[in-house]
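Trainee: Contents of target-v8.txt (compact mmCIF, C-alpha atoms):
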```txt
# COMPACT_ATOMS: atom_id res chain seq x y z
CA MET B 79 26.97 -11.04 27.02
CA ASN B 80 25.75 -7.45 26.75
CA ILE B 81 22.36 -7.14 28.48
CA TRP B 82 20.31 -3.97 28.95
CA ILE B 83 17.45 -3.43 31.38
CA ILE B 84 15.22 -0.54 30.34
CA GLY B 85 13.55 0.97 33.38
CA ALA B 86 14.56 1.29 37.02
CA GLY B 87 11.31 0.75 38.93
CA LEU B 88 10.20 -2.13 41.11
CA ILE B 89 9.92 -4.67 38.28
CA ALA B 90 13.29 -3.66 36.85
CA GLN B 91 14.74 -4.20 40.32
CA GLU B 92 13.45 -7.77 40.28
CA TYR B 93 15.19 -8.47 36.98
CA GLY B 94 18.40 -7.03 38.38
CA LYS B 95 18.21 -9.33 41.41
CA VAL B 96 17.84 -12.36 39.14
CA LEU B 97 20.69 -11.34 36.82
CA ASN B 98 22.89 -10.75 39.87
CA SER B 99 22.12 -14.26 41.08
CA LEU B 100 22.75 -15.77 37.64
CA GLY B 101 26.08 -13.95 37.44
CA TYR B 102 25.41 -11.88 34.31
CA ASP B 103 26.69 -8.36 33.79
CA TYR B 104 24.14 -5.81 32.61
CA THR B 105 23.45 -2.13 32.12
CA VAL B 106 20.33 -0.46 33.55
CA ILE B 107 18.91 2.54 31.70
CA GLY B 108 16.54 4.66 33.76
CA ARG B 109 15.29 8.22 33.74
CA GLY B 110 15.68 10.06 37.04
CA GLU B 111 17.98 10.38 40.04
CA THR B 112 15.37 9.14 42.53
CA SER B 113 14.87 5.79 40.83
CA ALA B 114 18.63 5.50 40.29
CA GLN B 115 19.33 5.91 43.98
CA LYS B 116 16.65 3.41 44.92
CA TYR B 117 17.97 0.89 42.40
CA LYS B 118 21.45 1.26 43.86
CA GLU B 119 20.09 0.69 47.38
CA VAL B 120 18.02 -2.37 46.50
CA VAL B 121 20.02 -4.09 43.75
CA GLY B 122 23.51 -2.69 44.29
CA ARG B 123 23.97 -1.39 40.75
CA ASP B 124 24.53 2.07 39.34
CA ILE B 125 22.29 2.98 36.43
CA VAL B 126 22.48 5.25 33.41
CA ILE B 127 19.98 8.09 33.81
CA GLY B 128 18.30 10.27 31.19
CA GLY B 129 16.15 7.67 29.48
CA LEU B 130 16.55 5.29 26.56
CA GLU B 131 16.61 7.86 23.77
CA ALA B 132 19.43 9.81 25.41
CA PHE B 133 21.34 6.60 26.06
CA LEU B 134 21.07 5.46 22.44
CA SER B 135 22.28 8.88 21.24
CA THR B 136 25.68 8.03 22.78
CA ASN B 137 25.97 5.15 20.26
CA PRO B 138 26.58 2.31 22.73
CA ARG B 139 27.46 -1.16 21.49
CA VAL B 140 24.23 -2.95 20.56
CA ALA B 141 22.94 -5.21 23.33
CA ASP B 142 22.75 -8.93 22.75
CA LYS B 143 19.55 -8.96 24.77
CA ALA B 144 17.31 -6.32 26.34
CA ILE B 145 14.63 -6.43 29.03
CA VAL B 146 11.95 -3.73 28.86
CA ALA B 147 10.47 -3.02 32.29
CA THR B 148 9.09 0.50 31.96
CA ASN B 149 5.60 1.82 32.66
CA LEU B 150 2.74 0.52 30.56
CA SER B 151 2.48 3.47 28.18
CA ALA B 152 6.17 3.23 27.21
CA LEU B 153 6.47 -0.52 26.61
CA SER B 154 5.84 -0.61 22.86
CA GLN B 155 7.71 2.63 22.20
CA ASN B 156 10.84 1.41 23.98
CA THR B 157 10.63 -1.99 22.31
CA ILE B 158 10.45 -0.39 18.87
CA GLN B 159 13.35 1.96 19.68
CA LEU B 160 15.49 -1.01 20.67
CA ILE B 161 14.61 -2.97 17.54
CA LYS B 162 15.40 -0.05 15.26
CA TYR B 163 18.73 0.42 17.05
CA GLY B 164 19.60 -3.18 16.20
CA VAL B 165 18.70 -5.22 19.29
CA LYS B 166 17.52 -8.64 18.09
CA GLU B 167 16.26 -10.27 21.28
CA ILE B 168 13.90 -8.44 23.63
CA PHE B 169 11.97 -9.53 26.72
CA CYS B 170 9.16 -7.07 27.37
CA GLU B 171 6.91 -6.79 30.39
CA LYS B 172 3.34 -7.92 29.75
CA PRO B 173 1.23 -7.14 27.87
CA GLY B 174 3.78 -5.34 25.66
CA PHE B 175 1.40 -2.52 24.75
CA LEU B 176 -1.16 -0.11 26.16
CA TYR B 177 -3.51 0.04 23.17
CA PRO B 178 -4.05 -2.96 20.83
CA GLU B 179 -2.76 -1.15 17.74
CA GLU B 180 0.62 -0.80 19.45
CA CYS B 181 1.02 -4.58 19.50
CA GLU B 182 0.44 -4.71 15.76
CA GLU B 183 3.11 -2.04 15.24
CA VAL B 184 5.67 -3.92 17.34
CA VAL B 185 5.00 -7.07 15.30
CA LYS B 186 5.54 -5.19 12.02
CA VAL B 187 8.79 -3.60 13.18
CA ALA B 188 10.07 -6.86 14.67
CA GLN B 189 9.36 -8.80 11.47
CA ALA B 190 10.94 -6.12 9.28
CA ASN B 191 14.10 -6.19 11.38
CA HIS B 192 14.21 -9.94 12.08
CA ALA B 193 13.98 -9.35 15.82
CA LYS B 194 12.54 -11.69 18.44
CA VAL B 195 10.26 -10.18 21.07
CA TYR B 196 8.87 -12.14 24.02
CA LEU B 197 6.33 -11.12 26.66
CA ALA B 198 6.96 -11.65 30.38
CA TYR B 199 4.09 -13.79 31.66
CA ASN B 200 5.80 -14.97 34.83
CA ARG B 201 2.95 -17.22 35.98
CA ARG B 202 3.93 -19.71 33.29
CA PHE B 203 7.03 -20.31 35.42
CA PHE B 204 5.47 -20.63 38.89
CA ALA B 205 6.54 -23.79 40.70
CA SER B 206 2.83 -24.58 41.12
CA VAL B 207 2.26 -24.37 37.36
CA LEU B 208 5.31 -26.49 36.54
CA LYS B 209 4.03 -29.18 38.91
CA ALA B 210 0.54 -28.94 37.40
CA GLN B 211 2.04 -29.50 33.95
CA GLU B 212 3.73 -32.67 35.21
CA ILE B 213 0.43 -34.03 36.51
CA ILE B 214 -1.43 -33.03 33.33
CA ALA B 215 1.13 -34.90 31.20
CA GLU B 216 0.95 -38.00 33.43
CA ASP B 217 -2.86 -37.97 33.23
CA GLY B 218 -2.96 -37.74 29.44
CA GLY B 219 -3.79 -34.07 28.98
CA VAL B 220 -6.45 -31.50 29.82
CA LYS B 221 -10.09 -32.56 29.45
CA SER B 222 -11.63 -29.22 30.43
CA PHE B 223 -10.83 -26.12 32.47
CA ASN B 224 -12.27 -22.95 33.88
CA PHE B 225 -10.82 -19.66 35.06
CA GLU B 226 -11.80 -16.47 36.84
CA PHE B 227 -10.12 -13.09 36.44
CA THR B 228 -12.17 -10.96 38.81
CA GLU B 229 -10.43 -7.70 39.69
CA TRP B 230 -11.12 -5.72 42.86
CA GLY B 231 -12.80 -2.74 41.26
CA HIS B 232 -13.37 -0.97 44.56
CA VAL B 233 -9.59 -0.92 45.13
CA ILE B 234 -8.49 -0.14 41.58
CA GLU B 235 -10.78 2.90 41.30
CA LYS B 236 -8.83 4.55 44.12
CA MET B 237 -5.43 3.99 42.51
CA ASP B 238 -3.53 6.89 41.01
CA LYS B 239 -3.37 5.41 37.52
CA PRO B 240 -3.54 7.09 34.09
CA LYS B 241 -6.88 6.82 32.32
CA GLY B 242 -5.37 4.66 29.57
CA ASP B 243 -4.05 2.13 32.09
CA LEU B 244 -7.49 1.77 33.66
CA GLU B 245 -9.34 1.52 30.35
CA ASN B 246 -7.01 -1.29 29.28
CA TRP B 247 -6.76 -3.04 32.65
CA MET B 248 -7.82 -6.38 31.23
CA TYR B 249 -4.86 -6.41 28.84
CA ALA B 250 -2.47 -4.98 31.42
CA ASN B 251 -3.39 -7.14 34.39
CA SER B 252 -6.12 -9.75 33.86
CA SER B 253 -4.24 -11.19 30.89
CA HIS B 254 -1.99 -12.91 33.45
CA VAL B 255 -4.86 -15.29 34.23
CA ILE B 256 -6.18 -15.61 30.70
CA ASP B 257 -2.74 -16.30 29.25
CA LEU B 258 -2.05 -19.02 31.83
CA ALA B 259 -5.40 -20.73 31.32
CA PHE B 260 -4.94 -21.09 27.56
CA TYR B 261 -1.22 -21.85 27.96
CA LEU B 262 -2.24 -24.93 29.94
CA GLY B 263 -5.44 -25.84 28.10
CA GLY B 264 -4.64 -24.87 24.50
CA ASN B 265 -5.72 -21.94 22.35
CA PRO B 266 -9.45 -21.61 21.60
CA VAL B 267 -10.86 -22.63 18.24
CA GLN B 268 -14.37 -21.63 19.36
CA ILE B 269 -15.27 -19.00 21.93
CA ASN B 270 -18.55 -17.32 22.83
CA CYS B 271 -18.30 -14.23 25.02
CA PHE B 272 -20.77 -12.15 27.02
CA THR B 273 -20.34 -8.93 28.96
CA SER B 274 -22.51 -6.60 31.03
CA GLY B 275 -22.40 -3.52 33.23
CA GLU B 276 -19.78 -0.86 33.62
CA LEU B 277 -17.65 0.83 36.28
CA SER B 278 -16.65 4.47 36.59
CA TRP B 279 -13.25 3.56 35.13
CA HIS B 280 -13.89 0.52 32.94
CA LYS B 281 -16.50 -0.99 30.64
CA PRO B 282 -17.64 -3.77 30.91
CA ALA B 283 -17.79 -4.81 34.57
CA ALA B 284 -18.78 -8.47 34.23
CA PHE B 285 -17.58 -11.17 31.84
CA ALA B 286 -18.62 -14.74 31.05
CA GLY B 287 -17.98 -17.15 28.23
CA ALA B 288 -17.19 -20.66 27.05
CA GLY B 289 -15.70 -22.56 24.16
CA MET B 290 -13.38 -25.32 22.97
CA THR B 291 -9.60 -25.35 22.46
CA GLU B 292 -7.38 -26.83 19.79
CA LYS B 293 -6.71 -29.72 22.18
CA GLY B 294 -10.42 -30.55 22.33
CA ALA B 295 -10.77 -29.24 25.87
CA LEU B 296 -13.97 -27.45 26.81
CA PHE B 297 -13.59 -24.30 28.91
CA ASN B 298 -15.62 -21.62 30.61
CA TYR B 299 -14.69 -18.39 32.39
CA CYS B 300 -16.22 -15.62 34.45
CA ALA B 301 -15.26 -12.39 36.16
CA ASN B 302 -17.21 -9.66 37.91
CA TRP B 303 -15.22 -6.57 38.78
CA ALA B 304 -18.17 -5.12 40.72
CA ALA B 305 -18.43 -8.10 43.10
CA PRO B 306 -16.19 -10.17 45.39
CA GLY B 307 -13.87 -12.69 43.75
CA ARG B 308 -10.29 -13.58 42.98
CA TRP B 309 -8.05 -14.95 40.26
CA GLY B 310 -8.02 -18.68 39.71
CA VAL B 311 -7.56 -21.50 37.19
CA GLU B 312 -8.95 -25.03 37.54
CA ILE B 313 -7.75 -27.82 35.28
CA LEU B 314 -9.63 -31.12 34.90
CA THR B 315 -7.88 -34.29 33.68
CA ALA B 316 -9.15 -37.87 33.52
CA LYS B 317 -7.81 -38.49 37.03
CA HIS B 318 -7.57 -35.17 38.84
CA ARG B 319 -8.92 -31.68 39.30
CA LEU B 320 -6.11 -29.19 39.81
CA TYR B 321 -6.69 -25.89 41.62
CA LEU B 322 -4.45 -22.87 41.09
CA ARG B 323 -6.18 -20.54 43.53
CA PRO B 324 -4.08 -18.73 44.61
CA MET B 325 -1.84 -19.37 41.66
CA GLU B 326 1.31 -19.65 43.76
CA GLN B 327 -0.13 -22.82 45.29
CA LEU B 328 -1.42 -26.07 43.82
CA GLN B 329 -4.21 -28.19 45.27
CA ILE B 330 -5.55 -31.46 43.92
CA GLN B 331 -8.76 -33.49 43.99
CA ASN B 332 -8.62 -37.16 43.03
CA ILE B 333 -11.35 -38.84 41.02
CA GLY B 334 -13.83 -40.51 43.35
CA SER B 335 -13.09 -38.12 46.20
CA VAL B 336 -14.36 -34.73 47.36
CA THR B 337 -11.22 -34.07 49.40
CA ILE B 338 -8.98 -31.27 48.18
CA THR B 339 -5.37 -31.47 49.37
CA PRO B 340 -2.25 -29.33 48.88
CA VAL B 341 0.42 -30.59 46.48
CA GLU B 342 4.01 -30.35 47.66
CA ILE B 343 6.05 -28.12 45.34
CA ASP B 344 9.64 -26.90 45.29
CA ASP B 345 8.95 -23.17 45.34
CA HIS B 346 12.17 -21.86 46.92
CA LEU B 347 12.92 -19.71 43.86
CA ASP B 348 9.42 -18.20 44.00
CA LYS B 349 10.08 -17.21 47.59
CA GLU B 350 13.62 -15.92 47.11
CA PHE B 351 12.65 -13.86 44.03
CA LYS B 352 9.40 -12.44 42.69
CA PRO B 353 7.45 -15.60 41.75
CA GLY B 354 8.30 -16.91 38.29
CA PHE B 355 10.93 -14.26 37.61
CA TYR B 356 14.04 -16.35 38.15
CA LEU B 357 13.09 -19.10 35.70
CA GLU B 358 11.54 -16.84 33.04
CA THR B 359 14.57 -14.51 33.05
CA LYS B 360 16.95 -17.47 32.93
CA ALA B 361 14.97 -18.93 30.04
CA PHE B 362 15.23 -15.69 28.05
CA VAL B 363 18.90 -15.03 28.73
CA GLU B 364 19.93 -18.64 28.07
CA ASN B 365 17.83 -19.05 24.90
CA CYS B 366 15.37 -21.59 26.34
CA THR B 367 12.39 -19.71 24.94
CA SER B 368 9.89 -22.48 24.18
CA ASN B 369 7.72 -21.60 27.19
CA LEU B 370 7.87 -17.83 26.70
CA CYS B 371 5.14 -15.87 24.90
CA PRO B 372 6.39 -14.57 21.50
CA ILE B 373 4.96 -11.29 20.25
CA MET B 374 3.18 -13.07 17.37
CA GLU B 375 1.45 -15.35 19.86
CA GLN B 376 0.44 -12.28 21.85
CA LEU B 377 -1.02 -10.65 18.75
CA GLY B 378 -3.00 -13.82 18.09
CA HIS B 379 -4.27 -13.82 21.67
CA LEU B 380 -5.18 -10.17 21.36
CA ASN B 381 -7.30 -10.69 18.25
CA ASP B 382 -8.72 -14.14 19.03
CA ILE B 383 -9.15 -13.95 22.80
CA TYR B 384 -8.68 -10.64 24.64
CA VAL B 385 -10.68 -8.40 22.31
CA LYS B 386 -13.54 -10.90 22.24
CA ILE B 387 -13.59 -11.37 26.02
CA LYS B 388 -13.64 -7.60 26.45
CA GLY B 389 -16.69 -7.48 24.19
CA LEU B 390 -15.16 -5.40 21.38
```
Would you write out, as structure tokens, the structure that this file holds?
Mentor:
Amino acid sequence: MNIWIIGAGLIAQEYGKVLNSLGYDYTVIGRGETSAQKYKEVVGRDIVIGGLEAFLSTNPRVADKAIVATNLSALSQNTIQLIKYGVKEIFCEKPGFLYPEECEEVVKVAQANHAKVYLAYNRRFFASVLKAQEIIAEDGGVKSFNFEFTEWGHVIEKMDKPKGDLENWMYANSSHVIDLAFYLGGNPVQINCFTSGELSWHKPAAFAGAGMTEKGALFNYCANWAAPGRWGVEILTAKHRLYLRPMEQLQIQNIGSVTITPVEIDDHLDKEFKPGFYLETKAFVENCTSNLCPIMEQLGHLNDIYVKIKGL
């Protein structure tokens, strides 16, 4: 199998580690000497430098699969370049775009060229989430849920990030939480959203809302990027309340009890590799894509969820 990894940064390194473990050969396409040297040190692979456009100009054999792990502003551009070159199966780092219109463009190009594009939401593959899904199924499904996607605004404002990355931080980062919540509880058929305040780098600063999903589950959410908080998802079934806070761990509360106890999970892969990466990469490479996020699903989430939560 001919696999390409586009990008040579920290996330691209994680994909290389997984592919090494799975025993697949692959080609890494990066840009500069510094990242190439670091990739060689960490992953043990040489990379092609000069960037994707220069690489494609050499007319290489079309990849069977490609993983796009570049910076945020280049995700959609690189995905489109790969599709137009003839790559039919692409796994792109979340959210797959910087600005919403870029997602729409990727969808158009993918459909026109009969390509499949998936987004890398690794939390869907956490050992804690897989165990939560088992319990949810045993209990007869989700009755209701809530989630929080508070970001540490006081930390983010000091980061050396491009203005576009900061303006679209909810898509780029908070969507990890939002995607997981609706992945477990079902997509919303009704949602009412409220926002308030602003930060020096992002508007709004606070978010709240509620609604109902296609599975009949009621939900509510909140986030305040100007106050203390953390990410978290809580799932309520007929028998249990499940806590994913932090998301790498699972805690449970039984009906009729106020005691919250840890659930034992087999998380050795999440400790050996970046959490969720081993199983999501394996799923993509080995065509087990039912739990991945297709680009059309992402476009639906963008229009029906993310834009509304952001107050646009």
Trainee: How close does each residue of stretch 120-182 of chain B get to stretch 92-103 of chain B, giving the shortest atom pair and distance in Å to one decimal for every residue with an atom at most 9 Å away, counting only C-alpha atoms, sorted by chain and residue number, as a Markdown table?
Mentor:
```
| residue | atom | partner | partner_atom | distance |
| --- | --- | --- | --- | --- |
| B:Val120 | CA | B:Lys95 | CA | 8.6 |
| B:Val121 | CA | B:Lys95 | CA | 6.0 |
| B:Gly122 | CA | B:Gly94 | CA | 8.9 |
| B:Arg123 | CA | B:Gly94 | CA | 8.3 |
| B:Ile145 | CA | B:Tyr93 | CA | 8.2 |
| B:Ala147 | CA | B:Tyr93 | CA | 8.6 |
```
Trainee: I need the chosen residues saved as a short mmCIF file (atom, residue, chain, number, x, y, z; two decimals), in the coordinates of the input, with C-alpha atoms.
Mentor:
```
data_model
loop_
_atom_site.label_atom_id
_atom_site.label_comp_id
_atom_site.auth_asym_id
_atom_site.auth_seq_id
_atom_site.Cartn_x
_atom_site.Cartn_y
_atom_site.Cartn_z
CA VAL B 120 18.02 -2.37 46.50
CA VAL B 121 20.02 -4.09 43.75
CA GLY B 122 23.51 -2.69 44.29
CA ARG B 123 23.97 -1.39 40.75
CA ILE B 145 14.63 -6.43 29.03
CA ALA B 147 10.47 -3.02 32.29
#
```
Trainee: Could you name the residues that touch B:Gln211 at 12 Å or less, counting only C-alpha atoms, but leaving out those on the same chain fewer than 5 positions away, as a PyMOL selection string?
Mentor: chain B and resi 202-206+216-220+258-259+261-263+313-315+320+322+328+369
Trainee: When you look at B:Arg319 with a cut-off of 12 Å (counting all atoms listed in the file), what residues show up, excluding the ones that are within fewer than 2 positions of it in the same chain? I need them as a short mmCIF file (atom, residue, chain, number, x, y, z; two decimals) with C-alpha atoms, keeping the file's coordinate frame.
Mentor:
```cif
data_model
loop_
_atom_site.label_atom_id
_atom_site.label_comp_id
_atom_site.auth_asym_id
_atom_site.auth_seq_id
_atom_site.Cartn_x
_atom_site.Cartn_y
_atom_site.Cartn_z
CA ALA B 210 0.54 -28.94 37.40
CA ILE B 213 0.43 -34.03 36.51
CA ILE B 214 -1.43 -33.03 33.33
CA ASP B 217 -2.86 -37.97 33.23
CA GLY B 219 -3.79 -34.07 28.98
CA VAL B 220 -6.45 -31.50 29.82
CA LYS B 221 -10.09 -32.56 29.45
CA SER B 222 -11.63 -29.22 30.43
CA PHE B 223 -10.83 -26.12 32.47
CA ASN B 224 -12.27 -22.95 33.88
CA VAL B 311 -7.56 -21.50 37.19
CA GLU B 312 -8.95 -25.03 37.54
CA ILE B 313 -7.75 -27.82 35.28
CA LEU B 314 -9.63 -31.12 34.90
CA THR B 315 -7.88 -34.29 33.68
CA ALA B 316 -9.15 -37.87 33.52
CA LYS B 317 -7.81 -38.49 37.03
CA TYR B 321 -6.69 -25.89 41.62
CA LEU B 322 -4.45 -22.87 41.09
CA LEU B 328 -1.42 -26.07 43.82
CA GLN B 329 -4.21 -28.19 45.27
CA ILE B 330 -5.55 -31.46 43.92
CA GLN B 331 -8.76 -33.49 43.99
CA ASN B 332 -8.62 -37.16 43.03
CA ILE B 333 -11.35 -38.84 41.02
CA GLY B 334 -13.83 -40.51 43.35
CA SER B 335 -13.09 -38.12 46.20
CA VAL B 336 -14.36 -34.73 47.36
CA THR B 337 -11.22 -34.07 49.40
CA ILE B 338 -8.98 -31.27 48.18
CA THR B 339 -5.37 -31.47 49.37
CA PRO B 340 -2.25 -29.33 48.88
CA VAL B 341 0.42 -30.59 46.48
#
```
Trainee: Fewer than 4 positions away in the same chain doesn't count, so skip those; otherwise give me all residues within 10 Å of stretch 235-239 of chain B, counting only C-alpha atoms, as a list in words.
Mentor: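 Non-adjacent residues within range: Trp230, Gly231, Asp243, Leu244, Leu277, Ser278, Trp279 and His280 of chain B.
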Trainee: With distances taken over only C-alpha atoms, which of B:Lys166, B:His346, B:Lys186, B:Arg201 is nearest to B:Val255?
Mentor: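 Counting only C-alpha atoms, the residue closest to B:Val255 is B:Arg201.
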Trainee: What gap, in Å, lies between atom CA of B:Ala190 and atom CA of B:Lys162?
Mentor: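 Atom-to-atom, atom CA of B:Ala190 and atom CA of B:Lys162 are spaced 9.6 Å apart.
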Trainee: Could you pull the residues within 8 Å of B:Gly129, counting all atoms listed in the file, minus those fewer than 3 positions along the same chain, as a list in words?
Mentor: Ile107, Gly108, Arg109, Gly110, Val126, Ala132 and Phe133 of chain B
Trainee: May I ask for the distance between atom CA of B:Ser252 and atom CA of B:Glu229, given in Å to one decimal place?
Mentor: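 Atom CA of B:Glu229 lies 7.5 Å from atom CA of B:Ser252.
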Trainee: What is the distance between atom CA of B:Ile125 and atom CA of B:Ala86, in Å to one decimal?
Mentor: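 Distance reported for this atom pair: 7.9 Å.
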Trainee: Calculated over only C-alpha atoms, which of the candidates B:Asn246, B:Pro372, B:Ile84, B:Asn302 has the smallest distance to B:Gly128?
Mentor: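 For B:Gly128, the nearest of the candidates is B:Ile84.
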Trainee: Looking at all atoms listed in the file, which of B:Gly389, B:Gln376, B:Ala198, B:Ile343 is the one that sits closest to B:Ala283?
Mentor: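 Among B:Gly389, B:Gln376, B:Ala198, B:Ile343, it is B:Gly389 that comes nearest to B:Ala283.
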Trainee: Which polymer residues have any atom within 8 Å of an atom of B:Tyr356, counting only C-alpha atoms, with same-chain residues fewer than 5 positions away left out, as a ChimeraX atom specification?
Mentor: /B:96,347-348,351
Trainee: For each of B:Lys349, B:Lys194, B:Lys388, B:Lys360, take the minimum atom-to-atom distance to B:Glu375, counting only C-alpha atoms, then give the residue where this is smallest.
Mentor: B:Lys194
Trainee: For B:Glu179, which residue out of B:Gln155, B:Ala295, B:Val233, B:Gly289 is the nearest one, using only C-alpha atoms?
Mentor: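 Closest to B:Glu179, using only C-alpha atoms: B:Gln155.
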Trainee: Starting from the structure just given, write a file holding stretch 141-153 of chain B with N, CA, C and O atoms, as a PDB file, in the first residue's frame.
Mentor:
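Written output follows (decode-v4.pdb):
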```pdb
ATOM      1  N   ALA B 141      -0.917   8.017  -4.403  1.00  0.00           N
ATOM      2  CA  ALA B 141      -1.038   7.276  -3.145  1.00  0.00           C
ATOM      3  C   ALA B 141      -2.386   6.569  -3.064  1.00  0.00           C
ATOM      4  O   ALA B 141      -3.396   7.064  -3.584  1.00  0.00           O
ATOM      5  N   ASP B 142      -2.392   5.423  -2.428  1.00  0.00           N
ATOM      6  CA  ASP B 142      -3.652   4.747  -2.143  1.00  0.00           C
ATOM      7  C   ASP B 142      -4.409   5.495  -1.048  1.00  0.00           C
ATOM      8  O   ASP B 142      -5.632   5.604  -1.078  1.00  0.00           O
ATOM      9  N   LYS B 143      -3.638   6.011  -0.093  1.00  0.00           N
ATOM     10  CA  LYS B 143      -4.217   6.756   1.021  1.00  0.00           C
ATOM     11  C   LYS B 143      -3.252   7.867   1.428  1.00  0.00           C
ATOM     12  O   LYS B 143      -2.030   7.711   1.305  1.00  0.00           O
ATOM     13  N   ALA B 144      -3.804   8.970   1.915  1.00  0.00           N
ATOM     14  CA  ALA B 144      -2.962  10.080   2.371  1.00  0.00           C
ATOM     15  C   ALA B 144      -3.487  10.599   3.698  1.00  0.00           C
ATOM     16  O   ALA B 144      -4.699  10.624   3.935  1.00  0.00           O
ATOM     17  N   ILE B 145      -2.561  11.015   4.552  1.00  0.00           N
ATOM     18  CA  ILE B 145      -2.885  11.618   5.846  1.00  0.00           C
ATOM     19  C   ILE B 145      -2.373  13.050   5.823  1.00  0.00           C
ATOM     20  O   ILE B 145      -1.178  13.283   5.588  1.00  0.00           O
ATOM     21  N   VAL B 146      -3.263  14.009   6.034  1.00  0.00           N
ATOM     22  CA  VAL B 146      -2.888  15.425   6.016  1.00  0.00           C
ATOM     23  C   VAL B 146      -2.745  15.908   7.454  1.00  0.00           C
ATOM     24  O   VAL B 146      -3.710  15.949   8.210  1.00  0.00           O
ATOM     25  N   ALA B 147      -1.505  16.257   7.821  1.00  0.00           N
ATOM     26  CA  ALA B 147      -1.216  16.682   9.193  1.00  0.00           C
ATOM     27  C   ALA B 147      -0.383  17.957   9.180  1.00  0.00           C
ATOM     28  O   ALA B 147       0.634  18.060   9.849  1.00  0.00           O
ATOM     29  N   THR B 148      -0.838  18.934   8.427  1.00  0.00           N
ATOM     30  CA  THR B 148      -0.132  20.207   8.303  1.00  0.00           C
ATOM     31  C   THR B 148      -0.717  21.221   9.282  1.00  0.00           C
ATOM     32  O   THR B 148      -1.589  20.892  10.093  1.00  0.00           O
ATOM     33  N   ASN B 149      -0.260  22.462   9.205  1.00  0.00           N
ATOM     34  CA  ASN B 149      -0.860  23.490  10.052  1.00  0.00           C
ATOM     35  C   ASN B 149      -2.282  23.781   9.598  1.00  0.00           C
ATOM     36  O   ASN B 149      -2.700  23.411   8.497  1.00  0.00           O
ATOM     37  N   LEU B 150      -3.026  24.452  10.446  1.00  0.00           N
ATOM     38  CA  LEU B 150      -4.454  24.667  10.241  1.00  0.00           C
ATOM     39  C   LEU B 150      -4.763  25.355   8.913  1.00  0.00           C
ATOM     40  O   LEU B 150      -5.675  24.954   8.185  1.00  0.00           O
ATOM     41  N   SER B 151      -4.007  26.376   8.585  1.00  0.00           N
ATOM     42  CA  SER B 151      -4.305  27.170   7.391  1.00  0.00           C
ATOM     43  C   SER B 151      -4.076  26.409   6.089  1.00  0.00           C
ATOM     44  O   SER B 151      -4.578  26.810   5.042  1.00  0.00           O
ATOM     45  N   ALA B 152      -3.327  25.298   6.151  1.00  0.00           N
ATOM     46  CA  ALA B 152      -3.004  24.553   4.927  1.00  0.00           C
ATOM     47  C   ALA B 152      -3.818  23.276   4.769  1.00  0.00           C
ATOM     48  O   ALA B 152      -3.686  22.582   3.756  1.00  0.00           O
ATOM     49  N   LEU B 153      -4.670  22.947   5.727  1.00  0.00           N
ATOM     50  CA  LEU B 153      -5.384  21.671   5.685  1.00  0.00           C
ATOM     51  C   LEU B 153      -6.245  21.513   4.433  1.00  0.00           C
ATOM     52  O   LEU B 153      -6.132  20.515   3.708  1.00  0.00           O
TER      53      LEU B 153
END
```
